[in-house]
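Structure first, commentary second.
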Amino acid sequence: MTRLEILAPGLITTVQDWPARIGYWGVGVPPSGAMDDQSLRLANIAVGNPEGAAGLECTRGGLRLRADGPVTVCVGGAHVRPTVTTGAENGGGAGGQPVAQWKPVTLEAGSVLDIPVIDGPGMRVYVAVRGGIDVEQYLGSSSTFTLGRFGGHEGRALAAGDTLEVGEAGTAEPRRILADEIPAIGHHWHVAVAEGPHGAPEFLTRAGMDELYAATYTVHFNSDRTGVRLEGPRPKWARPDGGEAGLHPSNLHDNAYSVGALDFTGDTPILLGPDGPSLGGFVCPVTVVSSDRWKLGQLAPGDTVRFVRVRVDSVPGGAGAARGAGRSYVLGDGGDRDDGVLGRGHTADGLTEITYRRGGDDNVLVEYGRMELDLELRARAHALYLHLLSNPVPGQQDLTPGIRSLQVKITPGRSTVTSTLAALREAETALPAAESLVVPSRRVRLPLSWDDPATREAIERYMYGVRDDAPWCPWNIEFIRRMNGLETADDVYRTVFDAEYMVLGLGDVYLGAPVATPLDPRHRLVTTKYNPARTWTAENSVGIGGAYLCIYGMEGPGGYQFVGRTTQVWNHRHPEPAPGFDAEHPWLLRHFDRISWYPVTSEELTDLRADTAAGRGRVDITDDTFSLAEHNAFCEREAESIASARRRMEHARSEEFARWAASGELSA
């Protein structure tokens with residue numbers, strides 16, 4: 001078996017395949033895979049592989065590798081000048097011989113392939129190897145998700161000295177990629193987008209949407225596989241705030257995202273990449289269509305981007321990589337002109353409005369009722385979710401529940417947004433009444449280190465590197481107190497520990513991370529999210545954003561206001577998972593679980609986290625059920641007390657909001 005030795009990994013080189021990790025969007029596992037899938041797929045075709053075979057993705061170039069046996073390779077992606085040095089030349093110190101991109105090249109035993117640093121347009125280079133890179137698959141894919149520490153080679157970027165095995169070659173013959181097949185890579189990009197899911201006039205003004213299409217955005221240096229950060233005009237919002245979802249107008253009740261969505265985290269636009277989050281609470285006015293998402297992988301710092309709206313029905317879907325990969329399809333015909341709203345309707349009982357929204361050419365977002373936190377709306381979304389699990393629509397790929405929504409992802413080429421809409425309308429007529437919902441609802445007790453040192457460190461990093469004048473700094477708990485009209489920080493403590501939080505969604509910040517809300521509305525502390533977002537958050541930090549609580553599934557960016565830290569909610573491939581985890585389903589929590597907290601010190605938490613990581617941890621889980629009818633009866637009995645608590649909190653938030661406006665903190 002031929003092996004490849006990594007002599008120099010370049011900036012970041014990982015193993016990636018295509019279409020990558022499918023079917024886990026609903027629990028916060030991104031697809032990963034080649035960020036410029038067209039280049040990897042074409043390079044695979046060049047060496048005679050299936051177009052989805054695992055290859056190497058190298059950011060900014062600088063990769064050197066040695067083959068210990070004969071193997072055919074192809075270099076694609078951003079323009080570079082690769083060279084090959086034979087084994088004999090290596091011994092004699094001779095320089096390498098230039099080889100062409102997009103053409104199969106056979107390496108002899110001992111030959112070295114050298115890919116220099118990219119000195120022109122583009123961001124990523126791809127190396128396909130005949131037979132593919134042979135690594136263990138994780139959740140159905142060879143792709144590396146470095147933030148989650150799984151997939152690829154040991155779940156990480158490659159390092160000098162790593163050795164990769166090459167798989168068995170297939171029967172297809174290698175061939176050169178033709179000029180009209182090669183992706184066109186430059187510094188100035190026109191990117192095809194579809195309207196929706198959340199545009200004008202509900203979220204942005206008409207003038208704001210017009211400006212989005214007219215503006216030239218610049219790619220920020222702080223971009224990666226999770227998302228491409230852009231610099232451009234500040235959005236023109238059509239509303240003053242997000243209500244219970246958060247006090248910034250970009251805030252939403254959490255719903256599923258699409259890869260390629262233009263996500264406004266506060267006022268910052270980010271194009272979500274293949275390692276981006278599946279669930280979140282920010283407005284996404286447009287979505288890059290599937291045939292143009294390869295461009296995200298080649299957007300380099302300083303490049304410019306213009307968005308061109310296209311009609312979804314005219315966007316090619318499911319075409320093979322070799323069919324005009326270099327054509328952008330940005331034929332700007334004015335878009336669908338429907339504000340991203342595919343249609344509206346009502347539930348079978350006629351009581352609740354339904355809005356069907358477009359998410360690119362491969363997602364339909366089904367939203368129930370008004371933009372508010374209401375468990376009955378979550379129940380309706382769950383009923384549709386259960387129905388579609390048993391009766392999938394054509395081309396159904398993923399189902400991702402949100403707070404009051406369900407996103408249905410389809411495979412382009414196997415179905416269309418239009419036909420999916422028709423199927424969803426029909427499915428709605430078969431759903432039971434939400435009031436009758438009774439679902440499994442486990443009671444899960446978890447430790448919480450209040451105001452943990454790791455959360456303090458994250459705030460300090462934010463103040464040092466992002467923003468030191470934010471109203472939530474230097475102590476998030478004090479900010480939560482002010483926002484909710486509580487007298488002391490101890491009142492925040494008691495409210496959190498008295499509450500029982502129901503899990504309404506998973507994957508809010510990756511890897512089974514729950515978005516949950518207290519069942520008793522009197523415990524619903526409401527706050528806004530960081531703007532701009534943090535660049536670092538410790539794994540399993542616990543925070544509140546809008547009316548929701550979240551446990552961060554892994555280390556990464558974030559925006560929720562911290563209250564503490566807990567134990568792991570995701571099993572990082574320990575051979576013997578701790579009780580409560582499953583080797584095939586490594587996420588701890590389930591939809592409709594009820595979380596409660598017990599206090600521990602930071603030292604105790606450190607020990608508990610070590611036990612969980614080693615497979616020795618214990619989680620207190622009790623099986624139970626949840627009845628929406630019983631919950632509604634409780635809320636009716638306590639209606640006066642609940643209304644009084646809500647009035648107090650809303651008054652405090654209004655005062656805080658007015659103070660921001662007067663001081664200029666809101667616009668900072």
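Labels for the structure tokens follow display order: chains A, B, ..., residues from 1 in each chain, ligands from 1.
On the backbone of this structure, DSSP gives alpha helix (DSSP H) within segment 252-437 of chain A to Leu375, Glu376, Leu377, Arg378, Ala379, Arg380, Ala381, His382, Ala383, Leu384, Tyr385, Leu386, His387, Leu388, Leu389, Ser390, Val417, Thr418, Ser419, Thr420, Leu421, Ala422, Ala423, Leu424, Arg425, Glu426, Ala427 and Glu428 of chain A.
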Keeping N, CA and C atoms, export the residues of the selection given above as a PDB file, in the first residue's frame.
ATOM      1  N   LEU A 375     -44.268  27.469  23.645  1.00  0.00           N
ATOM      2  CA  LEU A 375     -44.008  26.030  23.531  1.00  0.00           C
ATOM      3  C   LEU A 375     -44.997  25.341  22.604  1.00  0.00           C
ATOM      4  N   GLU A 376     -46.175  25.916  22.427  1.00  0.00           N
ATOM      5  CA  GLU A 376     -47.125  25.315  21.484  1.00  0.00           C
ATOM      6  C   GLU A 376     -46.585  25.387  20.059  1.00  0.00           C
ATOM      7  N   LEU A 377     -45.887  26.469  19.721  1.00  0.00           N
ATOM      8  CA  LEU A 377     -45.286  26.572  18.396  1.00  0.00           C
ATOM      9  C   LEU A 377     -44.177  25.533  18.231  1.00  0.00           C
ATOM     10  N   ARG A 378     -43.390  25.334  19.298  1.00  0.00           N
ATOM     11  CA  ARG A 378     -42.354  24.289  19.235  1.00  0.00           C
ATOM     12  C   ARG A 378     -42.990  22.911  19.074  1.00  0.00           C
ATOM     13  N   ALA A 379     -44.126  22.702  19.709  1.00  0.00           N
ATOM     14  CA  ALA A 379     -44.830  21.424  19.592  1.00  0.00           C
ATOM     15  C   ALA A 379     -45.308  21.196  18.160  1.00  0.00           C
ATOM     16  N   ARG A 380     -45.783  22.245  17.516  1.00  0.00           N
ATOM     17  CA  ARG A 380     -46.232  22.102  16.125  1.00  0.00           C
ATOM     18  C   ARG A 380     -45.055  21.746  15.216  1.00  0.00           C
ATOM     19  N   ALA A 381     -43.913  22.393  15.426  1.00  0.00           N
ATOM     20  CA  ALA A 381     -42.731  22.062  14.628  1.00  0.00           C
ATOM     21  C   ALA A 381     -42.304  20.620  14.881  1.00  0.00           C
ATOM     22  N   HIS A 382     -42.431  20.168  16.118  1.00  0.00           N
ATOM     23  CA  HIS A 382     -42.047  18.789  16.449  1.00  0.00           C
ATOM     24  C   HIS A 382     -42.991  17.790  15.788  1.00  0.00           C
ATOM     25  N   ALA A 383     -44.264  18.112  15.730  1.00  0.00           N
ATOM     26  CA  ALA A 383     -45.215  17.213  15.074  1.00  0.00           C
ATOM     27  C   ALA A 383     -44.865  17.048  13.597  1.00  0.00           C
ATOM     28  N   LEU A 384     -44.498  18.152  12.937  1.00  0.00           N
ATOM     29  CA  LEU A 384     -44.084  18.060  11.535  1.00  0.00           C
ATOM     30  C   LEU A 384     -42.794  17.260  11.409  1.00  0.00           C
ATOM     31  N   TYR A 385     -41.858  17.486  12.327  1.00  0.00           N
ATOM     32  CA  TYR A 385     -40.595  16.740  12.342  1.00  0.00           C
ATOM     33  C   TYR A 385     -40.850  15.234  12.410  1.00  0.00           C
ATOM     34  N   LEU A 386     -41.702  14.805  13.344  1.00  0.00           N
ATOM     35  CA  LEU A 386     -41.991  13.378  13.492  1.00  0.00           C
ATOM     36  C   LEU A 386     -42.651  12.815  12.236  1.00  0.00           C
ATOM     37  N   HIS A 387     -43.563  13.602  11.649  1.00  0.00           N
ATOM     38  CA  HIS A 387     -44.243  13.148  10.434  1.00  0.00           C
ATOM     39  C   HIS A 387     -43.245  12.939   9.294  1.00  0.00           C
ATOM     40  N   LEU A 388     -42.309  13.880   9.123  1.00  0.00           N
ATOM     41  CA  LEU A 388     -41.364  13.786   8.008  1.00  0.00           C
ATOM     42  C   LEU A 388     -40.315  12.709   8.219  1.00  0.00           C
ATOM     43  N   LEU A 389     -40.042  12.346   9.477  1.00  0.00           N
ATOM     44  CA  LEU A 389     -39.146  11.214   9.717  1.00  0.00           C
ATOM     45  C   LEU A 389     -39.735   9.933   9.136  1.00  0.00           C
ATOM     46  N   SER A 390     -41.044   9.789   9.261  1.00  0.00           N
ATOM     47  CA  SER A 390     -41.726   8.592   8.755  1.00  0.00           C
ATOM     48  C   SER A 390     -42.181   8.739   7.314  1.00  0.00           C
ATOM     49  N   VAL A 417     -37.217  23.387  -4.450  1.00  0.00           N
ATOM     50  CA  VAL A 417     -37.887  24.118  -3.387  1.00  0.00           C
ATOM     51  C   VAL A 417     -39.394  24.164  -3.640  1.00  0.00           C
ATOM     52  N   THR A 418     -39.779  24.336  -4.891  1.00  0.00           N
ATOM     53  CA  THR A 418     -41.203  24.422  -5.234  1.00  0.00           C
ATOM     54  C   THR A 418     -41.938  23.130  -4.915  1.00  0.00           C
ATOM     55  N   SER A 419     -41.361  21.995  -5.317  1.00  0.00           N
ATOM     56  CA  SER A 419     -42.026  20.720  -5.044  1.00  0.00           C
ATOM     57  C   SER A 419     -42.001  20.387  -3.557  1.00  0.00           C
ATOM     58  N   THR A 420     -40.940  20.801  -2.857  1.00  0.00           N
ATOM     59  CA  THR A 420     -40.872  20.579  -1.410  1.00  0.00           C
ATOM     60  C   THR A 420     -41.957  21.373  -0.698  1.00  0.00           C
ATOM     61  N   LEU A 421     -42.189  22.600  -1.141  1.00  0.00           N
ATOM     62  CA  LEU A 421     -43.250  23.416  -0.558  1.00  0.00           C
ATOM     63  C   LEU A 421     -44.597  22.719  -0.694  1.00  0.00           C
ATOM     64  N   ALA A 422     -44.880  22.191  -1.866  1.00  0.00           N
ATOM     65  CA  ALA A 422     -46.161  21.501  -2.077  1.00  0.00           C
ATOM     66  C   ALA A 422     -46.287  20.288  -1.155  1.00  0.00           C
ATOM     67  N   ALA A 423     -45.193  19.533  -0.998  1.00  0.00           N
ATOM     68  CA  ALA A 423     -45.227  18.351  -0.135  1.00  0.00           C
ATOM     69  C   ALA A 423     -45.427  18.735   1.329  1.00  0.00           C
ATOM     70  N   LEU A 424     -44.831  19.849   1.755  1.00  0.00           N
ATOM     71  CA  LEU A 424     -44.972  20.282   3.140  1.00  0.00           C
ATOM     72  C   LEU A 424     -46.386  20.777   3.427  1.00  0.00           C
ATOM     73  N   ARG A 425     -46.984  21.442   2.465  1.00  0.00           N
ATOM     74  CA  ARG A 425     -48.381  21.871   2.645  1.00  0.00           C
ATOM     75  C   ARG A 425     -49.288  20.652   2.824  1.00  0.00           C
ATOM     76  N   GLU A 426     -49.043  19.642   2.040  1.00  0.00           N
ATOM     77  CA  GLU A 426     -49.858  18.427   2.147  1.00  0.00           C
ATOM     78  C   GLU A 426     -49.625  17.737   3.486  1.00  0.00           C
ATOM     79  N   ALA A 427     -48.350  17.688   3.928  1.00  0.00           N
ATOM     80  CA  ALA A 427     -48.034  17.040   5.198  1.00  0.00           C
ATOM     81  C   ALA A 427     -48.744  17.725   6.361  1.00  0.00           C
ATOM     82  N   GLU A 428     -48.884  19.034   6.294  1.00  0.00           N
ATOM     83  CA  GLU A 428     -49.488  19.787   7.397  1.00  0.00           C
ATOM     84  C   GLU A 428     -50.921  19.340   7.665  1.00  0.00           C
TER      85      GLU A 428
END
Among the residues A:Ala547, A:Ser441, A:Thr537, A:Arg234, the one that comes closest to Leu589 of chain A [using only C-alpha atoms]: A:Ser441
List the neighbours of Ser143 of chain A out to 6 Å using only C-alpha atoms; skip same-chain residues closer than 3 positions along the sequence, and give me the result as number ranges by chain. A: 15-17, 33, 151-152
I need the residues from that last selection saved to file as a CSV table (one decimal), in the first residue's frame (with N, CA and C atoms), if you can.
chain,number,residue,atom,x,y,z
A,15,VAL,N,-7.6,16.6,5.6
A,15,VAL,CA,-8.3,15.6,4.7
A,15,VAL,C,-9.8,16.0,4.6
A,16,GLN,N,-10.3,16.1,3.4
A,16,GLN,CA,-11.7,16.4,3.2
A,16,GLN,C,-12.2,15.6,2.0
A,17,ASP,N,-13.5,15.3,2.1
A,17,ASP,CA,-14.2,14.6,1.0
A,17,ASP,C,-15.5,15.4,0.6
A,33,GLY,N,-16.1,18.9,4.9
A,33,GLY,CA,-15.9,18.6,3.4
A,33,GLY,C,-15.1,19.8,2.8
A,151,GLY,N,-12.7,13.2,12.6
A,151,GLY,CA,-12.6,13.0,11.1
A,151,GLY,C,-11.2,13.2,10.7
A,152,GLY,N,-10.9,12.8,9.4
A,152,GLY,CA,-9.6,13.0,8.8
A,152,GLY,C,-8.5,12.3,9.5
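Within segment 491-526 of chain A, residues classed as strand (DSSP E or B) by DSSP on backbone coordinates are A:Tyr501, A:Met502, A:Val503, A:Leu504, A:Gly505, A:Leu506, A:Pro514, A:Val515, A:Ala516, A:Thr517, A:Pro518.
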Which residue out of A:Glu656, A:Asp593, A:Asp37, A:Glu165 has the minimum interatomic distance to Val439 of chain A when only C-alpha atoms are used? A:Asp593
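All residues of protein, DNA or RNA that reach within 7 Å of Thr2 of chain A, judged by only C-alpha atoms and not counting those fewer than 5 positions away in the chain, are Asp68, Gly69, Glu165 and Val166 of chain A.
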Keeping only N, CA and C atoms, write the selected residues to a file as a PDB file, in the first residue's frame.
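Resulting contents of selection23.pdb:
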ATOM      1  N   ASP A  68       5.921   6.981  -1.015  1.00  0.00           N
ATOM      2  CA  ASP A  68       6.863   5.865  -0.888  1.00  0.00           C
ATOM      3  C   ASP A  68       6.642   4.798  -1.954  1.00  0.00           C
ATOM      4  N   GLY A  69       5.711   5.061  -2.865  1.00  0.00           N
ATOM      5  CA  GLY A  69       5.458   4.164  -3.983  1.00  0.00           C
ATOM      6  C   GLY A  69       4.831   4.946  -5.114  1.00  0.00           C
ATOM      7  N   GLU A 165      -2.240   6.844   4.304  1.00  0.00           N
ATOM      8  CA  GLU A 165      -2.323   5.703   3.401  1.00  0.00           C
ATOM      9  C   GLU A 165      -3.215   6.046   2.215  1.00  0.00           C
ATOM     10  N   VAL A 166      -2.858   5.497   1.058  1.00  0.00           N
ATOM     11  CA  VAL A 166      -3.634   5.694  -0.168  1.00  0.00           C
ATOM     12  C   VAL A 166      -4.510   4.467  -0.381  1.00  0.00           C
TER      13      VAL A 166
END
For segment 236-290 of chain A against segment 490-508 of chain A, with a cut-off of 7 Å and counting only C-alpha atoms, what is the closest atom pair and its distance in Å to one decimal for every residue that makes the cut, ordered by chain and number, as a Markdown table?
| residue | atom | partner | partner_atom | distance |
| --- | --- | --- | --- | --- |
| A:Pro277 | CA | A:Asp508 | CA | 6.9 |
| A:Ser278 | CA | A:Gly507 | CA | 6.2 |
| A:Leu279 | CA | A:Asp508 | CA | 4.5 |
| A:Gly280 | CA | A:Asp508 | CA | 5.4 |
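Atom to atom, atom CA of Glu460 of chain A and atom CA of Leu511 of chain A stand 25.3 Å apart.
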Excluding segment 557-570 of chain A and its own-chain neighbours fewer than 4 positions away, which residues fall within 6 Å of it when counting only C-alpha atoms? Please give them as a PyMOL selection string. chain A and resi 447-452+476+529-530+533-537+540-545+586-588+609
Please produce an output containing C-alpha atoms for each residue in the selection, written as a short mmCIF file (atom, residue, chain, number, x, y, z; two decimals), in the first residue's frame.
data_model
loop_
_atom_site.label_atom_id
_atom_site.label_comp_id
_atom_site.auth_asym_id
_atom_site.auth_seq_id
_atom_site.Cartn_x
_atom_site.Cartn_y
_atom_site.Cartn_z
CA PRO A 447 -23.21 20.44 37.63
CA LEU A 448 -22.72 24.19 37.21
CA SER A 449 -19.63 26.10 38.28
CA TRP A 450 -21.10 29.57 38.75
CA ASP A 451 -19.10 32.45 37.27
CA ASP A 452 -16.38 29.95 36.36
CA ASN A 476 -21.99 39.31 32.36
CA LYS A 529 -26.06 38.74 22.77
CA TYR A 530 -22.55 40.05 22.32
CA ALA A 533 -19.45 38.18 18.95
CA ARG A 534 -16.62 36.77 21.06
CA THR A 535 -13.76 35.11 19.23
CA TRP A 536 -13.20 32.54 22.03
CA THR A 537 -15.43 30.62 24.41
CA ASN A 540 -19.16 23.77 27.87
CA SER A 541 -19.52 27.35 29.02
CA VAL A 542 -23.14 28.11 29.93
CA GLY A 543 -24.74 31.35 28.83
CA ILE A 544 -28.01 33.19 28.24
CA GLY A 545 -28.96 34.98 25.04
CA PRO A 586 -22.26 10.89 20.85
CA TRP A 587 -24.52 13.76 21.94
CA LEU A 588 -25.81 13.66 25.52
CA ARG A 609 -14.81 17.05 33.43
#
